[in-house]
Amino acid sequence: INKKKNHHQRQLTSLALKRRRRVEETLPKALVFDLDGCLWKPEIYELMTFDGGSPFINGFDGMNILTSKGTEVTLRAQVRRVLADVHTNPRWANVKKCISSRTQRPAWAEELLSKFKVRCGSKGKCTLDEVLNGPRIITDAEDADHFQLIQQESGIPFENMMYFDNEGRNCRALAQLGVTAVYCPKGITWDLFERALEEYPCKKIIGMDFI
């Protein structure tokens with residue numbers, strides 16, 4: 001019985017390794033992240049309306065951020081784990097880490113990127129500025145326009161990009177261009193991130209079935 005059990009465990013381990021190897025061989029050439037509502041919460045338009053904004057200061061733990069009125073801005077779900085992996089795991093060494101974000105306050109978004117931190121193993125704490133250092137387009141234009149600029153700057157075809165956004169309409173617009181779109185209305189979880197990598201490339205919007 002033990003021999004059969006051990007054989008079965010070895011088979012499962014072998015399948016898991018093959019599955020991981022296949023995923024890593026077919027990684028996208030660019031990961032593109034929305035900011036408001038996808039990486040952090042509240043969104044900048046909410047801060048503009050109710051909760052103050054810049055200048056932002058680091059919270060007592062050095063990880064979350066406070067607005068000028070003391071409202072806390074936090075990274076959502078498991079964003080820190082995902083971004084730490086993207087920054088430190090060798091599998092991402094040749095992959096562009098990009099931003100496409102529509103906002104009326106680009107300077108606020110840039111300030112938050114420079115102050116939010118994630119733990120990056122032996123590298124200590126890294127700012128989002130350091131992690132997301134690929135082409136970054138932060139304007140009040142539509143995301144489809146942003147992607148045209150990202151493509152021009154990076155030279156990467158839409159079909160080789162993966163995009164994370166909390167708004168379904170943005171995901172639909174980018175999927176029509178051939179981008180693998182990942183719908184994350186509650187922020188990026190590790191399970192959704194792993195699922196997206198397994199299904200890439202994908203014409204359907206990954207995560208839309210979570211609605």
# chains A, B, ... in the order shown; residues from 1 in each chain; ligands from 1
>>> select_by_dssp(residues="region 11-200 of chain A", states="alpha helix (DSSP H)", output="PyMOL selection string")
chain A and resi 11-25+44-46+79-88+106-115+128-131+143-154+168-175+190-199
>>> select_by_dssp(residues="region 83-206 of chain A", states="strand (DSSP E)", output="MDAnalysis selection string")
chainID A and resid 96:102 117:119 125:127 136:139 161:165 180:183
>>> write_last_selection(atoms="N, CA and C atoms", output="PDB file, in the first residue's frame")
ATOM      1  N   LYS A  96       8.186  42.709 -19.188  1.00  0.00           N
ATOM      2  CA  LYS A  96       7.929  44.108 -18.857  1.00  0.00           C
ATOM      3  C   LYS A  96       6.793  44.191 -17.831  1.00  0.00           C
ATOM      4  N   LYS A  97       6.963  45.064 -16.836  1.00  0.00           N
ATOM      5  CA  LYS A  97       5.920  45.284 -15.829  1.00  0.00           C
ATOM      6  C   LYS A  97       5.397  46.708 -16.019  1.00  0.00           C
ATOM      7  N   CYS A  98       4.191  46.804 -16.557  1.00  0.00           N
ATOM      8  CA  CYS A  98       3.694  48.091 -17.060  1.00  0.00           C
ATOM      9  C   CYS A  98       2.473  48.583 -16.273  1.00  0.00           C
ATOM     10  N   ILE A  99       2.123  49.840 -16.522  1.00  0.00           N
ATOM     11  CA  ILE A  99       0.934  50.438 -15.907  1.00  0.00           C
ATOM     12  C   ILE A  99       0.090  51.095 -16.991  1.00  0.00           C
ATOM     13  N   SER A 100      -1.217  50.852 -16.930  1.00  0.00           N
ATOM     14  CA  SER A 100      -2.196  51.582 -17.734  1.00  0.00           C
ATOM     15  C   SER A 100      -3.292  52.026 -16.788  1.00  0.00           C
ATOM     16  N   SER A 101      -3.341  53.323 -16.512  1.00  0.00           N
ATOM     17  CA  SER A 101      -4.301  53.805 -15.515  1.00  0.00           C
ATOM     18  C   SER A 101      -4.928  55.119 -15.964  1.00  0.00           C
ATOM     19  N   ARG A 102      -6.247  55.169 -15.887  1.00  0.00           N
ATOM     20  CA  ARG A 102      -6.984  56.376 -16.274  1.00  0.00           C
ATOM     21  C   ARG A 102      -7.371  57.155 -15.024  1.00  0.00           C
ATOM     22  N   LYS A 117       4.977  50.310  -0.561  1.00  0.00           N
ATOM     23  CA  LYS A 117       6.095  49.374  -0.543  1.00  0.00           C
ATOM     24  C   LYS A 117       5.598  47.937  -0.426  1.00  0.00           C
ATOM     25  N   VAL A 118       6.374  47.038  -0.981  1.00  0.00           N
ATOM     26  CA  VAL A 118       6.136  45.604  -0.815  1.00  0.00           C
ATOM     27  C   VAL A 118       7.432  44.980  -0.311  1.00  0.00           C
ATOM     28  N   ARG A 119       7.296  43.861   0.408  1.00  0.00           N
ATOM     29  CA  ARG A 119       8.486  43.161   0.906  1.00  0.00           C
ATOM     30  C   ARG A 119       9.042  42.270  -0.193  1.00  0.00           C
ATOM     31  N   LYS A 125      12.425  46.090   1.430  1.00  0.00           N
ATOM     32  CA  LYS A 125      11.189  46.684   0.926  1.00  0.00           C
ATOM     33  C   LYS A 125      11.459  47.434  -0.373  1.00  0.00           C
ATOM     34  N   CYS A 126      10.582  47.216  -1.358  1.00  0.00           N
ATOM     35  CA  CYS A 126      10.696  47.886  -2.654  1.00  0.00           C
ATOM     36  C   CYS A 126       9.459  48.743  -2.878  1.00  0.00           C
ATOM     37  N   THR A 127       9.620  49.884  -3.494  1.00  0.00           N
ATOM     38  CA  THR A 127       8.464  50.704  -3.834  1.00  0.00           C
ATOM     39  C   THR A 127       7.811  50.166  -5.106  1.00  0.00           C
ATOM     40  N   ARG A 136       4.747  53.051 -18.551  1.00  0.00           N
ATOM     41  CA  ARG A 136       3.632  53.394 -17.667  1.00  0.00           C
ATOM     42  C   ARG A 136       2.905  54.599 -18.237  1.00  0.00           C
ATOM     43  N   ILE A 137       1.634  54.383 -18.520  1.00  0.00           N
ATOM     44  CA  ILE A 137       0.800  55.432 -19.092  1.00  0.00           C
ATOM     45  C   ILE A 137      -0.294  55.761 -18.090  1.00  0.00           C
ATOM     46  N   ILE A 138      -0.238  56.951 -17.520  1.00  0.00           N
ATOM     47  CA  ILE A 138      -1.206  57.379 -16.510  1.00  0.00           C
ATOM     48  C   ILE A 138      -1.775  58.714 -16.954  1.00  0.00           C
ATOM     49  N   THR A 139      -2.934  58.680 -17.596  1.00  0.00           N
ATOM     50  CA  THR A 139      -3.576  59.897 -18.095  1.00  0.00           C
ATOM     51  C   THR A 139      -5.093  59.725 -17.933  1.00  0.00           C
ATOM     52  N   MET A 161       0.514  40.351 -24.289  1.00  0.00           N
ATOM     53  CA  MET A 161       0.315  41.129 -23.072  1.00  0.00           C
ATOM     54  C   MET A 161      -0.790  40.525 -22.206  1.00  0.00           C
ATOM     55  N   MET A 162      -0.657  40.705 -20.894  1.00  0.00           N
ATOM     56  CA  MET A 162      -1.704  40.331 -19.944  1.00  0.00           C
ATOM     57  C   MET A 162      -2.058  41.571 -19.124  1.00  0.00           C
ATOM     58  N   TYR A 163      -3.360  41.814 -18.966  1.00  0.00           N
ATOM     59  CA  TYR A 163      -3.841  43.049 -18.346  1.00  0.00           C
ATOM     60  C   TYR A 163      -4.762  42.737 -17.176  1.00  0.00           C
ATOM     61  N   PHE A 164      -4.524  43.412 -16.050  1.00  0.00           N
ATOM     62  CA  PHE A 164      -5.334  43.239 -14.843  1.00  0.00           C
ATOM     63  C   PHE A 164      -6.123  44.512 -14.577  1.00  0.00           C
ATOM     64  N   ASP A 165      -7.466  44.381 -14.455  1.00  0.00           N
ATOM     65  CA  ASP A 165      -8.308  45.555 -14.211  1.00  0.00           C
ATOM     66  C   ASP A 165      -9.543  45.137 -13.422  1.00  0.00           C
ATOM     67  N   THR A 180      -4.764  39.421 -23.330  1.00  0.00           N
ATOM     68  CA  THR A 180      -5.370  38.528 -22.341  1.00  0.00           C
ATOM     69  C   THR A 180      -5.765  39.385 -21.141  1.00  0.00           C
ATOM     70  N   ALA A 181      -7.069  39.550 -20.936  1.00  0.00           N
ATOM     71  CA  ALA A 181      -7.585  40.438 -19.899  1.00  0.00           C
ATOM     72  C   ALA A 181      -8.019  39.635 -18.679  1.00  0.00           C
ATOM     73  N   VAL A 182      -7.683  40.149 -17.499  1.00  0.00           N
ATOM     74  CA  VAL A 182      -8.009  39.472 -16.240  1.00  0.00           C
ATOM     75  C   VAL A 182      -8.867  40.413 -15.397  1.00  0.00           C
ATOM     76  N   TYR A 183     -10.071  39.988 -15.120  1.00  0.00           N
ATOM     77  CA  TYR A 183     -11.037  40.794 -14.352  1.00  0.00           C
ATOM     78  C   TYR A 183     -10.864  40.521 -12.866  1.00  0.00           C
TER      79      TYR A 183
END
>>> residues_around(residues="Ala173 (chain A)", least_positions_apart="3", cutoff="12 Å", atoms="only C-alpha atoms", output="mmCIF file with all heavy atoms, in the first residue's frame")
data_model
loop_
_atom_site.group_PDB
_atom_site.id
_atom_site.type_symbol
_atom_site.label_atom_id
_atom_site.label_comp_id
_atom_site.auth_asym_id
_atom_site.auth_seq_id
_atom_site.Cartn_x
_atom_site.Cartn_y
_atom_site.Cartn_z
ATOM 1 N N GLU A 142 -8.592 56.837 -22.482
ATOM 2 C CA GLU A 142 -9.087 55.476 -22.341
ATOM 3 C C GLU A 142 -7.929 54.482 -22.337
ATOM 4 O O GLU A 142 -6.866 54.730 -22.924
ATOM 5 C CB GLU A 142 -10.054 55.138 -23.489
ATOM 6 C CG GLU A 142 -11.345 55.937 -23.471
ATOM 7 C CD GLU A 142 -12.232 55.594 -22.282
ATOM 8 O OE1 GLU A 142 -12.174 54.443 -21.808
ATOM 9 O OE2 GLU A 142 -12.972 56.481 -21.825
ATOM 10 N N ASP A 143 -8.155 53.318 -21.717
ATOM 11 C CA ASP A 143 -7.101 52.315 -21.622
ATOM 12 C C ASP A 143 -6.673 51.782 -22.982
ATOM 13 O O ASP A 143 -5.494 51.442 -23.175
ATOM 14 C CB ASP A 143 -7.551 51.161 -20.722
ATOM 15 C CG ASP A 143 -7.501 51.540 -19.249
ATOM 16 O OD1 ASP A 143 -6.391 51.676 -18.720
ATOM 17 O OD2 ASP A 143 -8.562 51.700 -18.639
ATOM 18 N N ALA A 144 -7.612 51.713 -23.925
ATOM 19 C CA ALA A 144 -7.245 51.239 -25.267
ATOM 20 C C ALA A 144 -6.210 52.175 -25.891
ATOM 21 O O ALA A 144 -5.289 51.719 -26.585
ATOM 22 C CB ALA A 144 -8.481 51.141 -26.146
ATOM 23 N N ASP A 145 -6.338 53.487 -25.635
ATOM 24 C CA ASP A 145 -5.340 54.440 -26.124
ATOM 25 C C ASP A 145 -4.007 54.238 -25.401
ATOM 26 O O ASP A 145 -2.934 54.352 -26.004
ATOM 27 C CB ASP A 145 -5.836 55.877 -25.912
ATOM 28 C CG ASP A 145 -7.108 56.178 -26.698
ATOM 29 O OD1 ASP A 145 -7.249 55.627 -27.809
ATOM 30 O OD2 ASP A 145 -7.945 56.949 -26.205
ATOM 31 N N HIS A 146 -4.074 53.958 -24.102
ATOM 32 C CA HIS A 146 -2.859 53.685 -23.336
ATOM 33 C C HIS A 146 -2.093 52.518 -23.943
ATOM 34 O O HIS A 146 -0.858 52.538 -24.046
ATOM 35 C CB HIS A 146 -3.211 53.343 -21.885
ATOM 36 C CG HIS A 146 -3.704 54.514 -21.104
ATOM 37 N ND1 HIS A 146 -4.146 54.399 -19.800
ATOM 38 C CD2 HIS A 146 -3.814 55.831 -21.412
ATOM 39 C CE1 HIS A 146 -4.517 55.587 -19.354
ATOM 40 N NE2 HIS A 146 -4.329 56.467 -20.308
ATOM 41 N N PHE A 147 -2.824 51.480 -24.336
ATOM 42 C CA PHE A 147 -2.166 50.271 -24.832
ATOM 43 C C PHE A 147 -1.488 50.510 -26.177
ATOM 44 O O PHE A 147 -0.475 49.874 -26.478
ATOM 45 C CB PHE A 147 -3.159 49.112 -24.907
ATOM 46 C CG PHE A 147 -3.178 48.281 -23.655
ATOM 47 C CD1 PHE A 147 -3.776 48.760 -22.510
ATOM 48 C CD2 PHE A 147 -2.576 47.034 -23.618
ATOM 49 C CE1 PHE A 147 -3.783 48.014 -21.343
ATOM 50 C CE2 PHE A 147 -2.577 46.276 -22.460
ATOM 51 C CZ PHE A 147 -3.179 46.773 -21.312
ATOM 52 N N TYR A 163 -3.360 41.814 -18.966
ATOM 53 C CA TYR A 163 -3.841 43.049 -18.346
ATOM 54 C C TYR A 163 -4.762 42.737 -17.176
ATOM 55 O O TYR A 163 -5.683 41.920 -17.290
ATOM 56 C CB TYR A 163 -4.591 43.856 -19.406
ATOM 57 C CG TYR A 163 -5.242 45.122 -18.921
ATOM 58 C CD1 TYR A 163 -4.523 46.099 -18.233
ATOM 59 C CD2 TYR A 163 -6.593 45.366 -19.192
ATOM 60 C CE1 TYR A 163 -5.133 47.274 -17.816
ATOM 61 C CE2 TYR A 163 -7.199 46.541 -18.790
ATOM 62 C CZ TYR A 163 -6.468 47.491 -18.106
ATOM 63 O OH TYR A 163 -7.073 48.648 -17.695
ATOM 64 N N ASP A 165 -7.466 44.381 -14.455
ATOM 65 C CA ASP A 165 -8.308 45.555 -14.211
ATOM 66 C C ASP A 165 -9.543 45.137 -13.422
ATOM 67 O O ASP A 165 -10.033 44.021 -13.571
ATOM 68 C CB ASP A 165 -8.730 46.200 -15.539
ATOM 69 C CG ASP A 165 -9.225 47.630 -15.387
ATOM 70 O OD1 ASP A 165 -10.184 47.850 -14.612
ATOM 71 O OD2 ASP A 165 -8.668 48.525 -16.028
ATOM 72 N N GLU A 167 -12.443 46.754 -13.718
ATOM 73 C CA GLU A 167 -13.634 47.178 -14.450
ATOM 74 C C GLU A 167 -13.839 46.291 -15.673
ATOM 75 O O GLU A 167 -12.951 46.185 -16.525
ATOM 76 C CB GLU A 167 -13.523 48.638 -14.878
ATOM 77 C CG GLU A 167 -13.535 49.625 -13.712
ATOM 78 C CD GLU A 167 -13.662 51.057 -14.181
ATOM 79 O OE1 GLU A 167 -14.248 51.289 -15.267
ATOM 80 O OE2 GLU A 167 -13.180 51.953 -13.465
ATOM 81 N N GLY A 168 -15.033 45.710 -15.757
ATOM 82 C CA GLY A 168 -15.333 44.804 -16.854
ATOM 83 C C GLY A 168 -15.260 45.459 -18.219
ATOM 84 O O GLY A 168 -14.790 44.849 -19.182
ATOM 85 N N ARG A 169 -15.699 46.715 -18.314
ATOM 86 C CA ARG A 169 -15.716 47.375 -19.636
ATOM 87 C C ARG A 169 -14.302 47.558 -20.176
ATOM 88 O O ARG A 169 -14.068 47.429 -21.381
ATOM 89 C CB ARG A 169 -16.449 48.714 -19.564
ATOM 90 C CG ARG A 169 -15.747 49.807 -18.809
ATOM 91 C CD ARG A 169 -16.584 51.086 -18.761
ATOM 92 N NE ARG A 169 -15.838 52.193 -18.192
ATOM 93 C CZ ARG A 169 -15.106 53.040 -18.914
ATOM 94 N NH1 ARG A 169 -15.015 52.863 -20.226
ATOM 95 N NH2 ARG A 169 -14.458 54.032 -18.349
ATOM 96 N N ASN A 170 -13.354 47.838 -19.290
ATOM 97 C CA ASN A 170 -11.964 47.966 -19.732
ATOM 98 C C ASN A 170 -11.414 46.623 -20.193
ATOM 99 O O ASN A 170 -10.698 46.539 -21.200
ATOM 100 C CB ASN A 170 -11.096 48.525 -18.604
ATOM 101 C CG ASN A 170 -11.435 49.962 -18.262
ATOM 102 O OD1 ASN A 170 -11.962 50.701 -19.095
ATOM 103 N ND2 ASN A 170 -11.143 50.360 -17.036
ATOM 104 N N GLN A 176 -10.730 42.763 -26.970
ATOM 105 C CA GLN A 176 -11.012 42.934 -28.397
ATOM 106 C C GLN A 176 -9.752 43.246 -29.192
ATOM 107 O O GLN A 176 -9.682 42.990 -30.393
ATOM 108 C CB GLN A 176 -12.060 44.031 -28.597
ATOM 109 C CG GLN A 176 -13.451 43.627 -28.138
ATOM 110 C CD GLN A 176 -14.459 44.750 -28.258
ATOM 111 O OE1 GLN A 176 -14.125 45.881 -28.646
ATOM 112 N NE2 GLN A 176 -15.715 44.470 -27.923
ATOM 113 N N LEU A 177 -8.742 43.790 -28.515
ATOM 114 C CA LEU A 177 -7.473 44.077 -29.188
ATOM 115 C C LEU A 177 -6.566 42.851 -29.240
ATOM 116 O O LEU A 177 -5.524 42.877 -29.899
ATOM 117 C CB LEU A 177 -6.735 45.212 -28.460
ATOM 118 C CG LEU A 177 -7.363 46.604 -28.500
ATOM 119 C CD1 LEU A 177 -6.507 47.586 -27.703
ATOM 120 C CD2 LEU A 177 -7.531 47.090 -29.938
ATOM 121 N N GLY A 178 -6.951 41.795 -28.510
ATOM 122 C CA GLY A 178 -6.133 40.589 -28.475
ATOM 123 C C GLY A 178 -5.338 40.408 -27.194
ATOM 124 O O GLY A 178 -4.606 39.428 -27.036
ATOM 125 N N VAL A 179 -5.485 41.366 -26.249
ATOM 126 C CA VAL A 179 -4.811 41.261 -24.956
ATOM 127 C C VAL A 179 -5.515 40.214 -24.096
ATOM 128 O O VAL A 179 -6.746 40.092 -24.125
ATOM 129 C CB VAL A 179 -4.850 42.630 -24.227
ATOM 130 C CG1 VAL A 179 -4.252 42.532 -22.827
ATOM 131 C CG2 VAL A 179 -4.122 43.690 -25.051
ATOM 132 N N THR A 180 -4.764 39.421 -23.330
ATOM 133 C CA THR A 180 -5.370 38.528 -22.341
ATOM 134 C C THR A 180 -5.765 39.385 -21.141
ATOM 135 O O THR A 180 -4.904 39.912 -20.436
ATOM 136 C CB THR A 180 -4.393 37.422 -21.900
ATOM 137 O OG1 THR A 180 -4.125 36.565 -23.020
ATOM 138 C CG2 THR A 180 -4.983 36.592 -20.762
ATOM 139 N N ALA A 181 -7.069 39.550 -20.936
ATOM 140 C CA ALA A 181 -7.585 40.438 -19.899
ATOM 141 C C ALA A 181 -8.019 39.635 -18.679
ATOM 142 O O ALA A 181 -8.659 38.583 -18.811
ATOM 143 C CB ALA A 181 -8.758 41.263 -20.430
ATOM 144 N N VAL A 182 -7.683 40.149 -17.499
ATOM 145 C CA VAL A 182 -8.009 39.472 -16.240
ATOM 146 C C VAL A 182 -8.867 40.413 -15.397
ATOM 147 O O VAL A 182 -8.411 41.499 -15.015
ATOM 148 C CB VAL A 182 -6.737 39.081 -15.467
ATOM 149 C CG1 VAL A 182 -7.103 38.236 -14.246
ATOM 150 C CG2 VAL A 182 -5.762 38.337 -16.366
ATOM 151 N N TYR A 183 -10.071 39.988 -15.120
ATOM 152 C CA TYR A 183 -11.037 40.794 -14.352
ATOM 153 C C TYR A 183 -10.864 40.521 -12.866
ATOM 154 O O TYR A 183 -11.008 39.389 -12.415
ATOM 155 C CB TYR A 183 -12.447 40.440 -14.807
ATOM 156 C CG TYR A 183 -13.559 41.162 -14.088
ATOM 157 C CD1 TYR A 183 -13.649 42.552 -14.120
ATOM 158 C CD2 TYR A 183 -14.546 40.454 -13.401
ATOM 159 C CE1 TYR A 183 -14.685 43.217 -13.468
ATOM 160 C CE2 TYR A 183 -15.572 41.105 -12.753
ATOM 161 C CZ TYR A 183 -15.642 42.486 -12.795
ATOM 162 O OH TYR A 183 -16.657 43.136 -12.151
ATOM 163 N N LYS A 203 -8.597 34.199 -25.076
ATOM 164 C CA LYS A 203 -9.443 35.199 -25.730
ATOM 165 C C LYS A 203 -10.608 35.617 -24.843
ATOM 166 O O LYS A 203 -11.132 36.722 -24.971
ATOM 167 C CB LYS A 203 -9.956 34.655 -27.066
ATOM 168 C CG LYS A 203 -8.851 34.432 -28.094
ATOM 169 C CD LYS A 203 -9.410 33.935 -29.424
ATOM 170 C CE LYS A 203 -8.288 33.748 -30.446
ATOM 171 N NZ LYS A 203 -8.798 33.277 -31.762
ATOM 172 N N LYS A 204 -11.020 34.706 -23.949
ATOM 173 C CA LYS A 204 -12.080 35.045 -22.996
ATOM 174 C C LYS A 204 -11.493 35.879 -21.875
ATOM 175 O O LYS A 204 -10.298 35.820 -21.578
ATOM 176 C CB LYS A 204 -12.724 33.789 -22.433
ATOM 177 C CG LYS A 204 -13.440 32.920 -23.436
ATOM 178 C CD LYS A 204 -14.238 31.831 -22.734
ATOM 179 C CE LYS A 204 -13.330 30.937 -21.896
ATOM 180 N NZ LYS A 204 -14.098 29.848 -21.217
ATOM 181 N N ILE A 205 -12.344 36.650 -21.185
ATOM 182 C CA ILE A 205 -11.878 37.451 -20.062
ATOM 183 C C ILE A 205 -11.764 36.548 -18.840
ATOM 184 O O ILE A 205 -12.751 36.002 -18.349
ATOM 185 C CB ILE A 205 -12.833 38.628 -19.775
ATOM 186 C CG1 ILE A 205 -12.885 39.548 -21.000
ATOM 187 C CG2 ILE A 205 -12.374 39.406 -18.542
ATOM 188 C CD1 ILE A 205 -13.936 40.639 -20.913
#
>>> residues_around(residues="Cys38 (chain A)", least_positions_apart="4", cutoff="6 Å", atoms="only C-alpha atoms", output="ChimeraX atom specification")
/A:34,165-166,187
>>> write_last_selection(atoms="C-alpha atoms", output="PDB file, in the first residue's frame")
ATOM      1  CA  ASP A  34      -4.491  49.154 -13.694  1.00  0.00           C
ATOM      2  CA  ASP A 165      -8.308  45.555 -14.211  1.00  0.00           C
ATOM      3  CA  ASN A 166     -11.237  45.779 -11.813  1.00  0.00           C
ATOM      4  CA  GLY A 187      -8.173  43.262  -6.389  1.00  0.00           C
TER       5      GLY A 187
END
>>> atom_distance(atom1="CA of Arg172 (chain A)", atom2="CA of Thr189 (chain A)")
20.1 Å
>>> atom_distance(atom1="CA of Pro90 (chain A)", atom2="CA of Pro28 (chain A)")
14.1 Å
>>> atom_distance(atom1="CA of Leu27 (chain A)", atom2="CA of Arg76 (chain A)")
23.8 Å
>>> closest_residue(among="A:Gly37, A:Gly121, A:Pro185, A:Pro157", to="Thr103 (chain A)", atoms="only C-alpha atoms")
A:Gly37
>>> closest_residue(among="A:Trp92, A:Thr74, A:Leu132, A:Trp40", to="Asp61 (chain A)", atoms="only C-alpha atoms")
A:Thr74
>>> closest_residue(among="A:Leu31, A:Ala196, A:Ile44, A:Val73", to="Asn133 (chain A)", atoms="only C-alpha atoms")
A:Leu31
>>> closest_residue(among="A:Asp51, A:Ser122, A:Ala77, A:Ser154", to="Asn89 (chain A)", atoms="only C-alpha atoms")
A:Ser122
>>> residues_around(residues="Thr88 (chain A)", least_positions_apart="3", cutoff="7 Å", atoms="only C-alpha atoms", output="MDAnalysis selection string")
chainID A and resid 84:85 120
>>> closest_residue(among="A:Leu39, A:Cys171, A:Leu66, A:Val131", to="Gly52 (chain A)", atoms="only C-alpha atoms")
A:Leu66
